[in-house]
Amino acid sequence: MSVFEHQRLVSADFFVVADFAWLLAQEFTVFTIQRQRGQWQLKIGHYIGVIMLPSGITLEILPKAVAGARENNLTQNDEVMQARQWVQLMLSDLTAGSNTNNKLPHTKNLGQLSHHLAPLSTQTPPLSQWLVTQFLQLLSDYQPTKHYQTQIHNQTMLQGKLLIKEQLKRNSHQPHKFACEVNHLSTDMLANRLIKSALVFLKQLAGSRQGYNSQSISLSAILMSKLVSWRQITAFSDYELQRLDSLYQMAKQQIRLQPLTRLQLQSAHKLLDLAYWLLQMQHSSMPAGNGISHQSSQLQLCLLINMNQAFEQWAGQRVAELFNQSGGINQPLYQTFHQQRGVWLSDPTGQTCLSMQPDLLVYDMSAHQSSEKIHLSKDDNARCCSHVIDIKWKHLSHTRDISANDAYQLTSYAQAYQAEQVWLVYPVTDDARQPVVLRQSANSIDLEQATLWLMPFNVTTGSLNSGPV
């Protein structure tokens, strides 16, 4: 069942009415409960993702239609296919580059999703099946690593290292026993257990009743065979899932200590990162009213992504790459900063009253006498940059649709940073929309020659439509 961001759902939209009642009771943060015209409604918020309903049907939440898609009058099936295509491109691309300034919670480890694993086609699979496919392709290149696990046995045979203190303490009255320390090669290490936990989760997700097509049946069969081969590895308990962040860091450290080649290590880290992301998204998507309880398996099948944050990060990374690729490798023309906070207003004592945090700051290196990189502190006002870029996940069908708040924000950036250009980047789905310069009236405040631009970002290609760089 595929729906769109900001859509309103009623009981008639569901194949099984009990699924709608279940969603009402769960109080997911993604939904706002409303009552209109004598019936309950669920209004979807600014999230995308998948939720497994009690009937076994997967509810797939896709992005709302943006500029281009609405004007082209696509059918609902075409809208679904187009949204799936570029969402999968976005998830594949979120951190595939060298960007280390990732600010999006729960997606900072998505660099392992390859552009080449899920080619765009007219039969783009649902998001749930696509995620399973990504995981399986990474899992096919990974063999569960082993490490030596120390165990202490008190037995009638001498094996391993005899522990003198333990022997005197335990066996003074039974000299026929020996307290021994034995090292066993075990696959039950944290990295493997984390991957196994994600494997269990995906097995449930792949077994949804979303069409029961040949692909979903095949994925379920593959996952089942993988679970059989991984049966000796223990998945995380509910308590351990609450400590997922710390266990993930320990698992990464364990992987680094293994005698693996560079390619094997890279492959292991990619799979571990994806497994962590899936479990983290699952845990963070829990209904607020149910806390961290996992008594119902249905509550575990939920992955939700904040669309505002995802688009800001994705477009910010792509735009930064555009600037960073200008010039040579050793002498880039521009230097970019992501989410750099700076003081805007302060009182006479120096106390900060208001601060600014643009999505992207760009400096023209040729304008600086020194070729050394610019270093900004959090309290730096970051003046005299070439571009200040703000990224918004919103539909702008026409230039007049820009809100007053966005216009005020652009002019404030221009004044505070003394920038040459200030951009508002917004999503479109085709190349028809071109950049537009916003001109101020003659009696407006002089922004010292700053140029304000509306910059369309084509989500189907992951790039800006042609404009000034």
# chains A, B, ... in the order shown; residues from 1 in each chain; ligands from 1
call {"tool": "residues_around", "arguments": {"residues": "Asp13 of chain A", "least_positions_apart": "4", "cutoff": "10 Å", "atoms": "only C-alpha atoms", "output": "ChimeraX atom specification"}}
result
/A:1,3,8-9,17,20
call {"tool": "residues_around", "arguments": {"residues": "Cys302 of chain A", "least_positions_apart": "4", "cutoff": "7 Å", "atoms": "only C-alpha atoms", "output": "list of chain:residue names"}}
result
A:Val50, A:Ile51, A:Met52, A:Gln282, A:Ser285
call {"tool": "select_by_dssp", "arguments": {"residues": "segment 218-355 of chain A", "states": "helix (DSSP H, G or I)", "output": "ChimeraX atom specification"}}
result
/A:218-229,238-242,244-256,262-284,288-290,297-300,307-324
call {"tool": "atom_distance", "arguments": {"atom1": "atom CA of Leu24 of chain A", "atom2": "atom CA of Glu79 of chain A"}}
result
26.6 Å
call {"tool": "closest_residue", "arguments": {"among": "A:Gln325, A:Thr124, A:Gln280, A:Ser225", "to": "Leu304 of chain A", "atoms": "only C-alpha atoms"}}
result
A:Gln280
call {"tool": "residues_around", "arguments": {"residues": "segment 402-409 of chain A", "least_positions_apart": "4", "cutoff": "10 Å", "atoms": "only C-alpha atoms", "output": "ChimeraX atom specification"}}
result
/A:356,358,390,392,394-398,413-415,422,424,438,452,454
call {"tool": "write_last_selection", "arguments": {"atoms": "N, CA and C atoms", "output": "mmCIF file, in the first residue's frame"}}
result
data_model
loop_
_atom_site.group_PDB
_atom_site.id
_atom_site.type_symbol
_atom_site.label_atom_id
_atom_site.label_comp_id
_atom_site.auth_asym_id
_atom_site.auth_seq_id
_atom_site.Cartn_x
_atom_site.Cartn_y
_atom_site.Cartn_z
ATOM 1 N N MET A 356 22.887 32.134 13.481
ATOM 2 C CA MET A 356 22.488 31.654 12.163
ATOM 3 C C MET A 356 23.195 30.336 11.870
ATOM 4 N N PRO A 358 23.288 28.485 8.319
ATOM 5 C CA PRO A 358 22.925 28.162 6.921
ATOM 6 C C PRO A 358 23.270 26.713 6.607
ATOM 7 N N ASP A 390 20.647 28.104 1.292
ATOM 8 C CA ASP A 390 19.606 27.552 2.148
ATOM 9 C C ASP A 390 18.819 26.533 1.334
ATOM 10 N N LYS A 392 15.491 23.961 1.096
ATOM 11 C CA LYS A 392 14.147 23.744 1.625
ATOM 12 C C LYS A 392 13.454 22.615 0.880
ATOM 13 N N LYS A 394 10.299 21.921 -0.120
ATOM 14 C CA LYS A 394 8.973 22.505 -0.277
ATOM 15 C C LYS A 394 8.661 22.659 -1.755
ATOM 16 N N HIS A 395 7.375 22.692 -2.040
ATOM 17 C CA HIS A 395 6.902 22.810 -3.421
ATOM 18 C C HIS A 395 6.779 24.287 -3.780
ATOM 19 N N LEU A 396 7.481 24.711 -4.839
ATOM 20 C CA LEU A 396 7.365 26.064 -5.371
ATOM 21 C C LEU A 396 6.957 25.949 -6.839
ATOM 22 N N SER A 397 5.669 26.032 -7.090
ATOM 23 C CA SER A 397 5.209 25.921 -8.469
ATOM 24 C C SER A 397 5.500 27.179 -9.261
ATOM 25 N N HIS A 398 5.717 28.298 -8.555
ATOM 26 C CA HIS A 398 5.995 29.571 -9.216
ATOM 27 C C HIS A 398 6.860 30.405 -8.282
ATOM 28 N N TYR A 413 20.685 36.501 5.541
ATOM 29 C CA TYR A 413 21.949 35.854 5.208
ATOM 30 C C TYR A 413 22.842 36.791 4.393
ATOM 31 N N ALA A 414 22.245 37.444 3.414
ATOM 32 C CA ALA A 414 23.028 38.338 2.559
ATOM 33 C C ALA A 414 23.667 39.455 3.365
ATOM 34 N N GLN A 415 22.922 39.990 4.316
ATOM 35 C CA GLN A 415 23.440 41.091 5.131
ATOM 36 C C GLN A 415 24.469 40.597 6.144
ATOM 37 N N VAL A 422 23.138 34.557 -2.670
ATOM 38 C CA VAL A 422 22.387 33.787 -1.687
ATOM 39 C C VAL A 422 21.383 32.943 -2.462
ATOM 40 N N LEU A 424 18.309 29.919 -2.594
ATOM 41 C CA LEU A 424 17.294 29.061 -1.991
ATOM 42 C C LEU A 424 17.121 27.870 -2.927
ATOM 43 N N LEU A 438 16.045 36.969 -7.962
ATOM 44 C CA LEU A 438 15.031 37.788 -7.299
ATOM 45 C C LEU A 438 15.555 39.212 -7.180
ATOM 46 N N LEU A 452 20.122 37.379 -5.055
ATOM 47 C CA LEU A 452 19.299 36.320 -4.476
ATOM 48 C C LEU A 452 18.762 35.435 -5.603
ATOM 49 N N LEU A 454 16.616 31.741 -6.769
ATOM 50 C CA LEU A 454 15.850 30.513 -6.554
ATOM 51 C C LEU A 454 16.458 29.445 -7.445
#
call {"tool": "residues_around", "arguments": {"residues": "Val80 of chain A", "least_positions_apart": "2", "cutoff": "10 Å", "atoms": "only C-alpha atoms", "output": "list in words"}}
result
Ser2, Val3, Phe4, Glu60, Ile61, Leu62, Pro63, Lys64, Ala65, Leu74, Thr75, Gln76, Asn77, Asp78, Gln82, Ala83, Arg84, Gln85, Thr124 and Pro126 of chain A
